[in-house]
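Next up, structure35.cif (mmCIF, C-alpha atoms):
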data_entry
#
loop_
_atom_site.label_atom_id
_atom_site.label_comp_id
_atom_site.auth_asym_id
_atom_site.auth_seq_id
_atom_site.Cartn_x
_atom_site.Cartn_y
_atom_site.Cartn_z
CA MET A 22 12.96 -92.55 -3.73
CA SER A 23 9.51 -91.30 -4.76
CA LYS A 24 7.19 -92.05 -7.63
CA TYR A 25 4.90 -89.98 -9.80
CA GLU A 26 2.85 -90.62 -12.92
CA ARG A 27 2.92 -88.91 -16.29
CA LYS A 28 0.97 -89.49 -19.48
CA ASN A 29 2.84 -90.96 -22.44
CA SER A 30 2.03 -90.34 -26.08
CA THR A 31 -0.66 -93.12 -26.07
CA GLY A 32 -2.44 -91.62 -23.08
CA ASN A 33 -1.34 -94.36 -20.70
CA SER A 34 0.17 -93.62 -17.33
CA THR A 35 3.83 -94.30 -16.81
CA THR A 36 5.31 -94.64 -13.34
CA VAL A 37 8.57 -92.75 -12.97
CA THR A 38 10.92 -93.00 -10.05
CA LYS A 39 12.57 -89.77 -8.99
CA ARG A 40 15.09 -88.98 -6.30
CA LYS A 41 15.81 -85.38 -5.36
CA ARG A 42 19.39 -84.80 -4.33
CA CYS A 43 20.13 -82.10 -1.81
CA SER A 44 23.72 -82.79 -0.87
CA ILE A 45 26.78 -84.58 -2.08
CA SER A 46 26.72 -87.56 0.26
CA GLU A 47 24.21 -90.43 -0.15
CA SER A 48 23.19 -90.14 3.48
CA SER A 49 22.12 -86.54 2.99
CA TYR A 50 19.45 -87.18 0.34
CA ARG A 51 16.11 -85.58 1.15
CA HIS A 52 13.11 -87.50 -0.18
CA GLU A 53 9.80 -86.04 -1.24
CA SER A 54 6.90 -86.95 -3.51
CA ILE A 55 5.88 -84.69 -6.35
CA THR A 56 3.34 -84.96 -9.15
CA LEU A 57 3.32 -83.46 -12.60
CA LYS A 58 0.37 -81.77 -14.26
CA PRO A 59 -0.58 -83.06 -17.71
CA HIS A 60 1.86 -81.41 -20.05
CA ARG A 61 1.71 -80.50 -23.70
CA PRO A 62 3.90 -82.57 -26.05
CA LEU A 63 7.58 -81.93 -25.56
CA ALA A 64 9.40 -79.68 -27.98
CA PRO A 65 12.38 -81.15 -29.86
CA GLY A 66 15.48 -81.22 -27.71
CA SER A 67 13.62 -80.75 -24.43
CA SER A 68 13.06 -83.33 -21.70
CA TRP A 69 10.66 -84.22 -18.91
CA ARG A 70 13.13 -82.66 -16.50
CA SER A 71 11.98 -79.25 -17.68
CA CYS A 72 8.39 -79.94 -16.57
CA LYS A 73 7.37 -77.85 -13.60
CA PRO A 74 6.51 -79.98 -10.55
CA VAL A 75 3.30 -79.29 -8.62
CA ARG A 76 3.36 -80.05 -4.92
CA PRO A 77 0.61 -82.27 -3.53
CA GLY A 78 -2.10 -80.52 -1.56
CA LYS A 79 -0.87 -81.91 1.74
CA SER A 80 2.67 -80.65 1.27
CA SER A 81 3.99 -78.13 3.70
CA ARG A 82 3.96 -74.41 3.05
CA ARG A 83 7.74 -74.54 2.96
CA ARG A 84 7.74 -76.97 0.02
CA ARG A 85 5.17 -74.95 -1.92
CA LYS A 86 7.29 -71.85 -1.42
CA ARG A 87 10.40 -73.63 -2.67
CA THR A 88 8.58 -74.73 -5.81
CA LYS A 89 7.96 -71.08 -6.64
CA GLU A 90 11.52 -70.11 -5.78
CA ILE A 91 13.26 -72.68 -7.99
CA ILE A 92 13.99 -70.06 -10.60
CA SER A 93 15.84 -70.86 -13.76
CA SER A 94 17.16 -68.49 -16.34
CA SER A 95 15.62 -69.83 -19.54
CA GLY A 96 15.06 -73.11 -17.69
CA GLU A 97 18.73 -73.78 -17.02
CA ARG A 98 19.77 -72.30 -13.66
CA GLU A 99 18.27 -73.30 -10.33
CA TRP A 100 18.39 -72.16 -6.75
CA VAL A 101 19.92 -74.89 -4.59
CA PHE A 102 19.02 -74.85 -0.92
CA SER A 103 21.14 -75.57 2.11
CA ALA A 104 20.72 -78.99 3.70
CA THR A 105 20.00 -77.11 6.95
CA ASN A 106 16.61 -75.48 7.34
CA PHE A 107 17.16 -71.74 7.81
CA GLU A 108 13.57 -70.63 7.26
CA ASN A 109 13.31 -69.39 10.83
CA LEU A 110 15.73 -66.59 9.93
CA GLN A 111 13.72 -63.44 9.43
CA ASP A 112 16.28 -61.10 7.88
CA LYS A 113 17.74 -62.23 4.56
CA VAL A 114 19.46 -60.61 1.61
CA VAL A 115 19.99 -61.84 -1.94
CA LEU A 116 23.38 -60.81 -3.28
CA VAL A 117 24.45 -61.10 -6.92
CA SER A 118 28.05 -60.75 -8.11
CA TYR A 119 28.49 -60.24 -11.84
CA ASN A 120 31.41 -59.36 -14.09
CA LEU A 121 29.59 -57.65 -16.96
CA LEU A 122 32.41 -57.71 -19.57
CA GLY A 123 33.40 -54.11 -20.16
CA VAL A 124 32.60 -52.81 -23.64
CA ASP A 125 36.13 -51.56 -24.21
CA ASN A 126 37.65 -54.73 -22.77
CA ALA A 127 35.69 -56.82 -25.24
CA SER A 128 36.66 -54.68 -28.23
CA ASN A 129 40.34 -54.70 -27.20
CA HIS A 130 40.48 -58.49 -26.85
CA MET A 131 38.47 -59.79 -29.78
CA ASP A 132 40.70 -62.87 -29.95
CA LEU A 133 38.83 -64.14 -26.88
CA TYR A 134 35.49 -63.94 -28.70
CA TYR A 135 36.23 -65.01 -32.26
CA ASN A 136 33.55 -67.74 -31.99
CA VAL A 137 30.93 -65.31 -30.65
CA PRO A 138 28.52 -63.71 -33.16
CA PRO A 139 29.12 -59.94 -33.24
CA LYS A 140 25.53 -59.16 -32.23
CA HIS A 141 26.09 -60.98 -28.93
CA LEU A 142 28.85 -58.51 -28.05
CA GLU A 143 26.76 -55.41 -28.70
CA TRP A 144 26.24 -53.44 -25.50
CA SER A 145 22.87 -52.14 -26.70
CA ARG A 146 21.64 -55.73 -26.54
CA ARG A 147 23.67 -57.02 -23.61
CA LYS A 148 22.64 -54.33 -21.12
CA HIS A 149 18.97 -55.28 -21.38
CA LEU A 150 19.77 -58.99 -21.20
CA ILE A 151 21.84 -58.42 -18.05
CA CYS A 152 19.21 -56.30 -16.30
CA LYS A 153 16.42 -58.75 -17.13
CA GLU A 154 18.53 -61.57 -15.74
CA ILE A 155 19.21 -59.65 -12.52
CA SER A 156 15.47 -59.04 -12.10
CA ARG A 157 14.75 -62.77 -12.30
CA TYR A 158 16.97 -63.39 -9.29
CA ASN A 159 15.06 -60.87 -7.15
CA ALA A 160 18.37 -59.45 -5.94
CA SER A 161 18.60 -56.95 -3.11
CA ILE A 162 22.37 -56.19 -3.48
CA LEU A 163 24.50 -56.19 -6.64
CA CYS A 164 28.31 -56.28 -6.84
CA LEU A 165 29.29 -55.58 -10.45
CA GLN A 166 32.71 -55.58 -12.12
CA GLU A 167 33.96 -54.31 -15.49
CA VAL A 168 31.39 -51.52 -15.47
CA ASP A 169 32.28 -48.94 -18.12
CA ARG A 170 28.75 -47.81 -19.01
CA PHE A 171 27.56 -46.88 -15.53
CA ASP A 172 25.03 -44.26 -16.69
CA ASP A 173 23.28 -46.85 -18.85
CA LEU A 174 23.11 -49.34 -16.01
CA ASP A 175 22.13 -46.74 -13.44
CA GLY A 176 19.17 -45.67 -15.56
CA LEU A 177 17.97 -49.22 -16.17
CA LEU A 178 18.43 -50.34 -12.58
CA LYS A 179 16.77 -47.24 -11.08
CA THR A 180 13.55 -48.27 -12.80
CA ARG A 181 13.89 -51.56 -10.92
CA GLY A 182 14.29 -49.83 -7.55
CA PHE A 183 18.09 -49.84 -7.23
CA GLN A 184 20.44 -47.12 -6.11
CA GLY A 185 24.18 -47.42 -6.62
CA VAL A 186 27.73 -46.11 -6.38
CA HIS A 187 30.46 -46.51 -8.98
CA LYS A 188 34.25 -46.32 -8.91
CA SER A 189 36.26 -46.25 -12.13
CA ARG A 190 39.72 -47.71 -12.39
CA THR A 191 42.51 -45.17 -12.33
CA GLY A 192 44.79 -44.49 -15.27
CA GLU A 193 43.66 -45.03 -18.84
CA ALA A 194 41.26 -47.91 -18.13
CA SER A 195 37.58 -47.05 -18.56
CA ASP A 196 35.90 -49.79 -16.53
CA GLY A 197 35.42 -50.10 -12.79
CA CYS A 198 33.24 -51.53 -10.03
CA ALA A 199 29.70 -50.70 -8.92
CA ILE A 200 27.56 -51.65 -5.93
CA PHE A 201 23.77 -51.35 -6.15
CA TRP A 202 21.14 -51.98 -3.48
CA LYS A 203 17.36 -51.95 -3.39
CA GLU A 204 16.47 -48.52 -2.07
CA LYS A 205 13.33 -49.87 -0.40
CA LEU A 206 15.32 -52.45 1.53
CA PHE A 207 18.53 -50.64 2.52
CA LYS A 208 19.99 -47.33 3.53
CA LEU A 209 23.62 -46.42 2.80
CA LEU A 210 25.46 -45.45 5.97
CA ASP A 211 29.07 -45.37 4.77
CA TYR A 212 30.95 -45.71 1.50
CA GLN A 213 34.67 -46.09 0.85
CA HIS A 214 36.76 -47.08 -2.12
CA ILE A 215 40.32 -48.28 -2.61
CA GLU A 216 42.57 -47.08 -5.41
CA PHE A 217 45.37 -49.62 -5.45
CA ASP A 218 47.71 -47.41 -7.45
CA ARG A 219 48.10 -45.28 -4.30
CA PHE A 220 49.97 -48.28 -2.95
CA ASP A 221 51.82 -48.84 -6.24
CA MET A 222 49.65 -51.89 -6.93
CA ARG A 223 48.30 -51.08 -10.41
CA ASN A 224 45.10 -49.32 -11.40
CA ASN A 225 42.51 -51.72 -9.99
CA VAL A 226 39.89 -50.55 -7.51
CA ALA A 227 37.61 -51.94 -4.81
CA GLN A 228 34.53 -50.68 -2.98
CA LEU A 229 33.14 -51.00 0.55
CA CYS A 230 29.64 -50.03 1.66
CA VAL A 231 27.91 -50.17 5.03
CA LEU A 232 24.22 -50.89 4.48
CA GLU A 233 21.41 -50.86 7.04
CA MET A 234 18.27 -52.87 6.46
CA ASN A 235 14.98 -51.02 6.41
CA HIS A 236 12.10 -52.63 8.30
CA GLU A 237 8.46 -52.16 7.41
CA ASP A 238 5.77 -51.61 10.01
CA PRO A 239 3.12 -54.28 9.33
CA LYS A 240 0.26 -51.85 10.06
CA SER A 241 1.36 -48.63 8.38
CA LYS A 242 3.52 -50.33 5.69
CA LEU A 243 6.07 -47.59 6.30
CA SER A 244 9.79 -48.10 6.89
CA VAL A 245 10.73 -47.96 10.56
CA ARG A 246 14.11 -48.03 12.28
CA PRO A 247 14.33 -50.77 14.93
CA SER A 248 16.34 -50.28 18.10
CA ASP A 249 18.95 -52.81 16.90
CA PRO A 250 19.03 -52.55 13.09
CA ARG A 251 20.69 -55.09 10.86
CA ARG A 252 23.86 -53.73 9.28
CA LEU A 253 26.55 -55.27 7.11
CA VAL A 254 29.69 -54.39 5.19
CA VAL A 255 29.48 -55.17 1.48
CA GLY A 256 32.78 -55.37 -0.41
CA ASN A 257 33.28 -55.51 -4.18
CA ILE A 258 36.60 -56.07 -5.97
CA HIS A 259 38.12 -56.87 -9.35
CA VAL A 260 41.66 -58.15 -8.82
CA LEU A 261 44.52 -57.64 -11.28
CA PHE A 262 44.59 -60.27 -14.03
CA ASN A 263 48.34 -60.48 -14.75
CA PRO A 264 49.39 -63.98 -13.56
CA LYS A 265 53.06 -62.98 -13.40
CA ARG A 266 52.38 -60.47 -10.64
CA GLY A 267 51.04 -62.77 -7.94
CA ASP A 268 52.65 -60.48 -5.38
CA ILE A 269 50.41 -57.60 -6.46
CA LYS A 270 47.31 -59.79 -6.73
CA LEU A 271 47.90 -61.10 -3.21
CA GLY A 272 48.59 -57.58 -1.97
CA GLN A 273 45.32 -56.28 -3.42
CA VAL A 274 43.34 -59.04 -1.73
CA ARG A 275 45.16 -58.50 1.57
CA LEU A 276 44.54 -54.75 1.58
CA PHE A 277 40.90 -55.22 0.59
CA LEU A 278 40.29 -57.63 3.48
CA GLU A 279 42.11 -55.33 5.91
CA LYS A 280 39.87 -52.40 4.96
CA ALA A 281 36.73 -54.54 5.20
CA TYR A 282 37.70 -55.69 8.69
CA GLN A 283 38.48 -52.13 9.83
CA LEU A 284 35.14 -50.88 8.54
CA SER A 285 33.32 -53.72 10.30
CA GLN A 286 35.02 -52.79 13.59
CA GLU A 287 34.21 -49.09 13.17
CA TRP A 288 30.51 -49.94 12.94
CA GLY A 289 30.44 -52.30 15.90
CA ASN A 290 31.84 -55.56 14.55
CA ILE A 291 29.06 -55.98 11.99
CA PRO A 292 28.88 -58.87 9.47
CA VAL A 293 30.91 -58.74 6.26
CA VAL A 294 30.15 -60.11 2.81
CA ILE A 295 32.62 -59.68 -0.03
CA ALA A 296 32.23 -60.55 -3.69
CA GLY A 297 33.95 -60.09 -6.99
CA ASP A 298 36.29 -61.38 -9.66
CA LEU A 299 39.48 -62.43 -7.87
CA ASN A 300 41.24 -63.67 -11.03
CA SER A 301 42.26 -66.73 -8.99
CA THR A 302 41.05 -70.32 -9.10
CA PRO A 303 39.69 -72.42 -6.22
CA GLN A 304 42.90 -74.49 -6.38
CA SER A 305 45.09 -71.45 -5.84
CA ALA A 306 47.10 -70.21 -2.88
CA ILE A 307 45.15 -66.93 -2.97
CA TYR A 308 41.94 -68.88 -2.40
CA ASP A 309 43.63 -70.70 0.49
CA PHE A 310 44.70 -67.36 1.96
CA ILE A 311 41.13 -66.05 1.99
CA ALA A 312 39.79 -69.27 3.49
CA SER A 313 42.50 -69.85 6.12
CA ALA A 314 43.55 -66.22 6.82
CA ASP A 315 47.25 -67.14 6.58
CA LEU A 316 49.74 -67.83 3.78
CA ASP A 317 53.49 -68.38 3.72
CA THR A 318 54.70 -66.71 0.54
CA GLN A 319 57.94 -68.70 0.53
CA LEU A 320 56.06 -71.89 -0.26
CA HIS A 321 54.75 -70.50 -3.52
CA ASN A 322 55.96 -69.23 -6.85
CA ARG A 323 54.45 -65.77 -7.25
CA ARG A 324 53.72 -66.49 -10.94
CA GLN A 325 51.52 -69.43 -9.97
CA ILE A 326 49.99 -68.18 -6.74
CA SER A 327 46.65 -67.37 -8.40
CA GLY A 328 46.37 -70.78 -10.10
CA GLN A 329 47.01 -69.20 -13.47
CA SER A 330 49.77 -69.79 -15.96
CA GLU A 331 50.68 -67.61 -18.87
CA MET A 332 48.28 -67.92 -21.79
CA GLU A 333 49.52 -68.85 -25.22
CA PRO A 334 48.47 -65.96 -27.48
CA LYS A 335 48.66 -68.00 -30.67
CA LYS A 336 46.59 -70.86 -29.30
CA ARG A 337 43.10 -70.76 -30.75
CA SER A 338 41.73 -73.98 -29.34
CA PHE A 339 40.42 -74.02 -25.77
CA ARG A 340 42.75 -75.06 -22.96
CA ASN A 341 42.01 -74.62 -19.29
CA ARG A 342 45.35 -73.12 -18.33
CA TYR A 343 44.02 -71.72 -15.05
CA ALA A 344 43.26 -75.07 -13.49
CA VAL A 345 46.86 -76.02 -12.78
CA ARG A 346 47.46 -76.35 -9.06
CA ALA A 347 49.78 -73.65 -7.76
CA ALA A 348 53.23 -75.24 -7.56
CA VAL A 349 54.59 -75.69 -4.06
CA SER A 350 58.33 -75.97 -3.68
CA THR A 351 59.96 -77.48 -0.61
CA SER A 352 63.48 -77.14 -1.89
CA GLY A 353 63.73 -73.35 -1.81
CA SER A 354 64.39 -73.23 -5.55
CA LEU A 355 64.86 -69.93 -7.33
CA PRO A 356 61.26 -69.44 -8.59
CA ASN A 357 60.07 -69.17 -4.97
CA VAL A 358 62.49 -66.40 -4.04
CA TRP A 359 60.57 -63.15 -3.52
CA SER A 360 62.31 -59.78 -3.73
CA LYS A 361 61.91 -57.17 -0.97
CA GLU A 362 59.57 -55.17 -3.20
CA GLU A 363 57.40 -58.22 -3.91
CA LEU A 364 57.17 -59.05 -0.21
CA GLN A 365 56.27 -55.42 0.48
CA PHE A 366 53.33 -55.66 -1.90
CA ALA A 367 52.19 -59.04 -0.63
CA THR A 368 52.57 -58.55 3.12
CA GLY A 369 52.21 -54.79 3.44
CA GLY A 370 55.64 -54.44 5.01
CA GLN A 371 55.14 -56.99 7.77
CA ALA A 372 58.38 -58.36 9.21
CA SER A 373 57.45 -61.82 8.01
CA THR A 374 57.02 -63.85 4.88
CA HIS A 375 53.50 -64.72 6.04
CA VAL A 376 50.41 -62.83 4.87
CA GLN A 377 47.46 -62.74 7.25
CA HIS A 378 44.00 -61.21 7.63
CA GLN A 379 41.58 -61.03 10.57
CA LEU A 380 38.29 -61.89 8.89
CA LYS A 381 37.00 -65.43 9.35
CA LEU A 382 35.43 -65.97 5.97
CA HIS A 383 33.32 -68.77 4.54
CA SER A 384 32.46 -69.35 0.90
CA ALA A 385 28.73 -69.12 0.18
CA TYR A 386 28.86 -71.82 -2.49
CA SER A 387 30.94 -74.22 -0.41
CA GLY A 388 28.29 -73.87 2.30
CA VAL A 389 25.51 -75.25 0.07
CA PRO A 390 26.26 -78.70 -1.42
CA GLY A 391 25.88 -79.16 -5.16
CA THR A 392 26.50 -81.89 -7.70
CA HIS A 393 29.60 -83.07 -9.52
CA ARG A 394 28.23 -81.59 -12.76
CA THR A 395 28.56 -78.04 -11.49
CA ARG A 396 30.89 -78.12 -8.43
CA ASP A 397 34.48 -79.00 -7.68
CA GLN A 398 35.80 -80.83 -4.61
CA ARG A 399 35.77 -77.62 -2.56
CA GLY A 400 32.14 -76.98 -3.43
CA GLU A 401 32.94 -74.02 -5.70
CA PRO A 402 31.42 -73.78 -9.18
CA LEU A 403 33.36 -75.58 -11.90
CA ALA A 404 33.01 -72.56 -14.16
CA THR A 405 31.93 -68.94 -13.75
CA THR A 406 33.44 -67.67 -17.01
CA TYR A 407 34.02 -69.01 -20.53
CA HIS A 408 35.79 -67.62 -23.57
CA SER A 409 38.12 -69.01 -26.23
CA ARG A 410 41.06 -69.43 -23.83
CA PHE A 411 39.51 -70.25 -20.50
CA LEU A 412 36.72 -72.22 -18.88
CA GLY A 413 36.87 -72.03 -15.10
CA THR A 414 36.06 -70.20 -11.86
CA VAL A 415 37.37 -66.82 -10.73
CA ASP A 416 34.23 -65.29 -9.14
CA TYR A 417 33.29 -65.74 -5.48
CA ILE A 418 31.05 -64.66 -2.60
CA TRP A 419 32.49 -64.87 0.94
CA HIS A 420 30.82 -64.04 4.26
CA THR A 421 31.55 -63.97 7.98
CA LYS A 422 29.95 -66.32 10.51
CA GLU A 423 27.12 -63.91 11.41
CA LEU A 424 25.61 -64.77 8.01
CA VAL A 425 24.64 -68.19 6.67
CA PRO A 426 23.91 -69.22 3.07
CA VAL A 427 20.27 -70.21 2.70
CA ARG A 428 20.51 -70.95 -1.03
CA VAL A 429 22.81 -70.35 -3.98
CA LEU A 430 22.17 -69.97 -7.69
CA GLU A 431 23.69 -72.99 -9.39
CA THR A 432 25.94 -72.34 -12.36
CA LEU A 433 25.78 -74.22 -15.66
CA PRO A 434 27.48 -77.59 -16.23
CA THR A 435 30.67 -77.27 -18.25
CA ASP A 436 29.30 -79.43 -21.07
CA VAL A 437 26.37 -77.03 -21.45
CA LEU A 438 28.74 -74.06 -21.53
CA THR A 439 31.07 -75.57 -24.12
CA ARG A 440 28.15 -76.14 -26.47
CA THR A 441 27.67 -72.37 -26.61
CA CYS A 442 31.14 -72.01 -28.22
CA GLY A 443 31.82 -69.13 -25.85
CA LEU A 444 30.11 -66.34 -23.93
CA PRO A 445 28.33 -63.93 -24.35
CA SER A 446 25.59 -65.88 -26.10
CA GLU A 447 21.96 -65.64 -27.10
CA LYS A 448 20.89 -66.13 -23.46
CA TRP A 449 23.78 -64.71 -21.45
CA GLY A 450 24.95 -61.10 -21.65
CA SER A 451 28.55 -61.48 -20.45
CA ASP A 452 31.51 -63.82 -20.68
CA HIS A 453 30.99 -64.45 -16.95
CA LEU A 454 28.01 -66.08 -15.29
CA ALA A 455 26.33 -64.22 -12.46
CA ILE A 456 26.78 -65.89 -9.09
CA ALA A 457 24.18 -65.32 -6.39
CA CYS A 458 23.24 -66.39 -2.89
CA GLU A 459 20.66 -65.65 -0.25
CA LEU A 460 22.28 -64.95 3.10
CA GLY A 461 20.43 -64.96 6.39
CA PHE A 462 21.39 -63.07 9.54
CA VAL A 463 21.98 -65.56 12.33
CA ASN A 464 19.60 -64.95 15.23
CA ASP A 465 21.18 -63.90 18.50
#
Would you put the structure from the file into structure tokens?
Amino acid sequence: MSKYERKNSTGNSTTVTKRKRCSISESSYRHESITLKPHRPLAPGSSWRSCKPVRPGKSSRRRRKRTKEIISSSGEREWVFSATNFENLQDKVVLVSYNLLGVDNASNHMDLYYNVPPKHLEWSRRKHLICKEISRYNASILCLQEVDRFDDLDGLLKTRGFQGVHKSRTGEASDGCAIFWKEKLFKLLDYQHIEFDRFDMRNNVAQLCVLEMNHEDPKSKLSVRPSDPRRLVVGNIHVLFNPKRGDIKLGQVRLFLEKAYQLSQEWGNIPVVIAGDLNSTPQSAIYDFIASADLDTQLHNRRQISGQSEMEPKKRSFRNRYAVRAAVSTSGSLPNVWSKEELQFATGGQASTHVQHQLKLHSAYSGVPGTHRTRDQRGEPLATTYHSRFLGTVDYIWHTKELVPVRVLETLPTDVLTRTCGLPSEKWGSDHLAIACELGFVND
């Protein structure tokens, strides 16, 4: 517990007790004293929580730095730091994953946005809102999905120092994926993409980049190449939505992770970070597969393996139909019988019903404790997307053990989201929320 004073409307001082929570468990609270500057009268609907704290003069440099870094988008989103102090790590990257809501996708599914004012769906407005938001997070790497106006984004992000690569979906779809990086901070060493239709797994795509960090000479301020440069594989994917085809969804994830592992090995077993819209919930078997590296397909109904169930097209009111736990059958009932073709997609032709991958992945958000208002029991956000039929989480950032999450950008509480009546909104340029983390390279 700590105390600070603030002036009330009569000019008297009021003592306020404040406790700063830094992890889920009571034993993990970190205590610190803060004071508030005199503040102008509060605007209607605001609260003292929005006041910016000023660290006492004797506070450490670390605390002063964190005060500056607690960024919020319009005062509502904060950086939450790991309970472990990782400030000794010198090399860090800030990665943002963001499904931008493709322009054509929005216009073709207006039933998802019937509560959203038309002006909030206009790309001419949304693109500037999105780029301004990205700038606030001081990102060094961007993994973007549903990109169907790449030239617009490329032009706006180049003025902010980014360089990028784009891969459109195959077939008639117009959107795709894009990876951007700060040109001052990174150099592109390798780039690959995956067209899943080459494996008969629909028209989705994924991207893989190998980036090398640039280092600046402190005297000349010029970029120099150290003898042992930091390199990492960055993967970006947008998985098939169709909940009925869990075999294809699982196959896309499997193939994506296989390619990421192979690329890491080709460049000397370098760290891997993957991000994107997996169209799967944290309660799903697909999530378990990524986390545990193994999944027995025969324990799951392929139509429920992503945590989704079929949406009711005539249902206008909101229902979270994703959040149903994937059904597990122990009786070998008919829904869990997979055809040879489905097993081929899911396992890649392995002589087993098990699907496996060789990356040992950790979720960035699960690695930084949050609160019950924004996180589920696994530590994942309660919601990364919201429209008329769904409020829940499908977006993730995963990393290998050579990287550690220093901080993550907290999402919005579900009660705050529901008051918007759906995304995009006045403040947010997509029907997804950006997720972001700062990852540090573990010292040898």
Would you list the contacts of A:Asp172 as a PDB file with C-alpha atoms, in the coordinates of the input, taking every protein, DNA or RNA residue within 12 Å and counting all atoms listed in the file, but skipping same-chain residues closer than 3 positions in sequence?
ATOM      1  CA  LYS A 148      22.640 -54.330 -21.120  1.00  0.00           C
ATOM      2  CA  VAL A 168      31.390 -51.520 -15.470  1.00  0.00           C
ATOM      3  CA  ASP A 169      32.280 -48.940 -18.120  1.00  0.00           C
ATOM      4  CA  ASP A 175      22.130 -46.740 -13.440  1.00  0.00           C
ATOM      5  CA  GLY A 176      19.170 -45.670 -15.560  1.00  0.00           C
ATOM      6  CA  LEU A 177      17.970 -49.220 -16.170  1.00  0.00           C
ATOM      7  CA  LEU A 178      18.430 -50.340 -12.580  1.00  0.00           C
ATOM      8  CA  LYS A 179      16.770 -47.240 -11.080  1.00  0.00           C
ATOM      9  CA  GLN A 184      20.440 -47.120  -6.110  1.00  0.00           C
ATOM     10  CA  GLY A 185      24.180 -47.420  -6.620  1.00  0.00           C
ATOM     11  CA  VAL A 186      27.730 -46.110  -6.380  1.00  0.00           C
ATOM     12  CA  HIS A 187      30.460 -46.510  -8.980  1.00  0.00           C
ATOM     13  CA  ALA A 199      29.700 -50.700  -8.920  1.00  0.00           C
TER      14      ALA A 199
END
Non-local contacts of A:Leu438 (10 Å; only C-alpha atoms; under 2 positions in same chain excluded) as a PyMOL selection string: chain A and resi 404-408+412+432-436+440-444+446
Residue among A:Gln304, A:Asp249, A:Pro264, A:Phe366 lying closest to A:Arg219, counting only C-alpha atoms: A:Phe366
Selection under test: the PyMOL selection byres ((chain A and resi 262) around 12); residues as number ranges by chain: A: 223-225, 259-261, 263-271, 273, 298-302, 324, 327-332, 343, 415
Test item: residues at most 8 Å from A:Ser195, all atoms listed in the file, excluding those fewer than 2 positions along its chain, as a list in words: Asp125, Asp169, Ser189, Arg190, Glu193 and Gly197 of chain A
Contacts of stretch 287-289 of chain A at 10 Å (all atoms listed in the file; same-chain gap of 2+ positions) as a PyMOL selection string: chain A and resi 210-211+231+252-254+281-285+291-292
Closest pair table for stretch 96-150 of chain A residues within 12 Å of stretch 394-400 of chain A, all atoms listed in the file, as JSON lines:
{"residue": "A:Arg98", "atom": "CA", "partner": "A:Thr395", "partner_atom": "CA", "distance": 10.7}
{"residue": "A:Glu99", "atom": "CA", "partner": "A:Thr395", "partner_atom": "CA", "distance": 11.4}
{"residue": "A:Val101", "atom": "CA", "partner": "A:Thr395", "partner_atom": "CA", "distance": 11.5}
Residue nearest A:Ser451 among A:Leu121, A:Met131, A:Leu278, A:Val376 (counting all atoms listed in the file):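 Ranking A:Leu121, A:Met131, A:Leu278, A:Val376 by distance to A:Ser451, first place goes to A:Leu121.
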Can you tell me which residues surround A:Lys422 at a distance of at most 8 Å, considering all atoms listed in the file, apart from same-chain residues fewer than 3 positions away, and format the answer as a short mmCIF file (atom, residue, chain, number, x, y, z; two decimals) with C-alpha atoms, keeping the file's coordinate frame?
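The resulting file, part.cif, is reproduced below:
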data_model
loop_
_atom_site.label_atom_id
_atom_site.label_comp_id
_atom_site.auth_asym_id
_atom_site.auth_seq_id
_atom_site.Cartn_x
_atom_site.Cartn_y
_atom_site.Cartn_z
CA PRO A 292 28.88 -58.87 9.47
CA LYS A 381 37.00 -65.43 9.35
CA LEU A 382 35.43 -65.97 5.97
CA HIS A 383 33.32 -68.77 4.54
CA VAL A 425 24.64 -68.19 6.67
#
Two-atom distance - atom CA of A:Ala457, atom CA of A:Asn109 (Å):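 These atoms are spaced 20.8 Å apart.
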Using the chain letters and numbers from the file, give me the residues hit by the PyMOL selection byres ((chain A and resi 445) around 12), as a short mmCIF file (atom, residue, chain, number, x, y, z; two decimals) with C-alpha atoms, keeping the file's coordinate frame.
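Contents of part23.cif, freshly written:
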data_model
loop_
_atom_site.label_atom_id
_atom_site.label_comp_id
_atom_site.auth_asym_id
_atom_site.auth_seq_id
_atom_site.Cartn_x
_atom_site.Cartn_y
_atom_site.Cartn_z
CA ASN A 120 31.41 -59.36 -14.09
CA LEU A 121 29.59 -57.65 -16.96
CA LEU A 122 32.41 -57.71 -19.57
CA GLY A 123 33.40 -54.11 -20.16
CA VAL A 124 32.60 -52.81 -23.64
CA ALA A 127 35.69 -56.82 -25.24
CA LEU A 133 38.83 -64.14 -26.88
CA TYR A 134 35.49 -63.94 -28.70
CA TYR A 135 36.23 -65.01 -32.26
CA ASN A 136 33.55 -67.74 -31.99
CA VAL A 137 30.93 -65.31 -30.65
CA PRO A 138 28.52 -63.71 -33.16
CA PRO A 139 29.12 -59.94 -33.24
CA LYS A 140 25.53 -59.16 -32.23
CA HIS A 141 26.09 -60.98 -28.93
CA LEU A 142 28.85 -58.51 -28.05
CA GLU A 143 26.76 -55.41 -28.70
CA TRP A 144 26.24 -53.44 -25.50
CA ARG A 146 21.64 -55.73 -26.54
CA ARG A 147 23.67 -57.02 -23.61
CA LYS A 148 22.64 -54.33 -21.12
CA LEU A 150 19.77 -58.99 -21.20
CA ILE A 151 21.84 -58.42 -18.05
CA THR A 406 33.44 -67.67 -17.01
CA TYR A 407 34.02 -69.01 -20.53
CA HIS A 408 35.79 -67.62 -23.57
CA SER A 409 38.12 -69.01 -26.23
CA LEU A 438 28.74 -74.06 -21.53
CA THR A 439 31.07 -75.57 -24.12
CA THR A 441 27.67 -72.37 -26.61
CA CYS A 442 31.14 -72.01 -28.22
CA GLY A 443 31.82 -69.13 -25.85
CA LEU A 444 30.11 -66.34 -23.93
CA SER A 446 25.59 -65.88 -26.10
CA GLU A 447 21.96 -65.64 -27.10
CA LYS A 448 20.89 -66.13 -23.46
CA TRP A 449 23.78 -64.71 -21.45
CA GLY A 450 24.95 -61.10 -21.65
CA SER A 451 28.55 -61.48 -20.45
CA ASP A 452 31.51 -63.82 -20.68
CA HIS A 453 30.99 -64.45 -16.95
CA LEU A 454 28.01 -66.08 -15.29
#
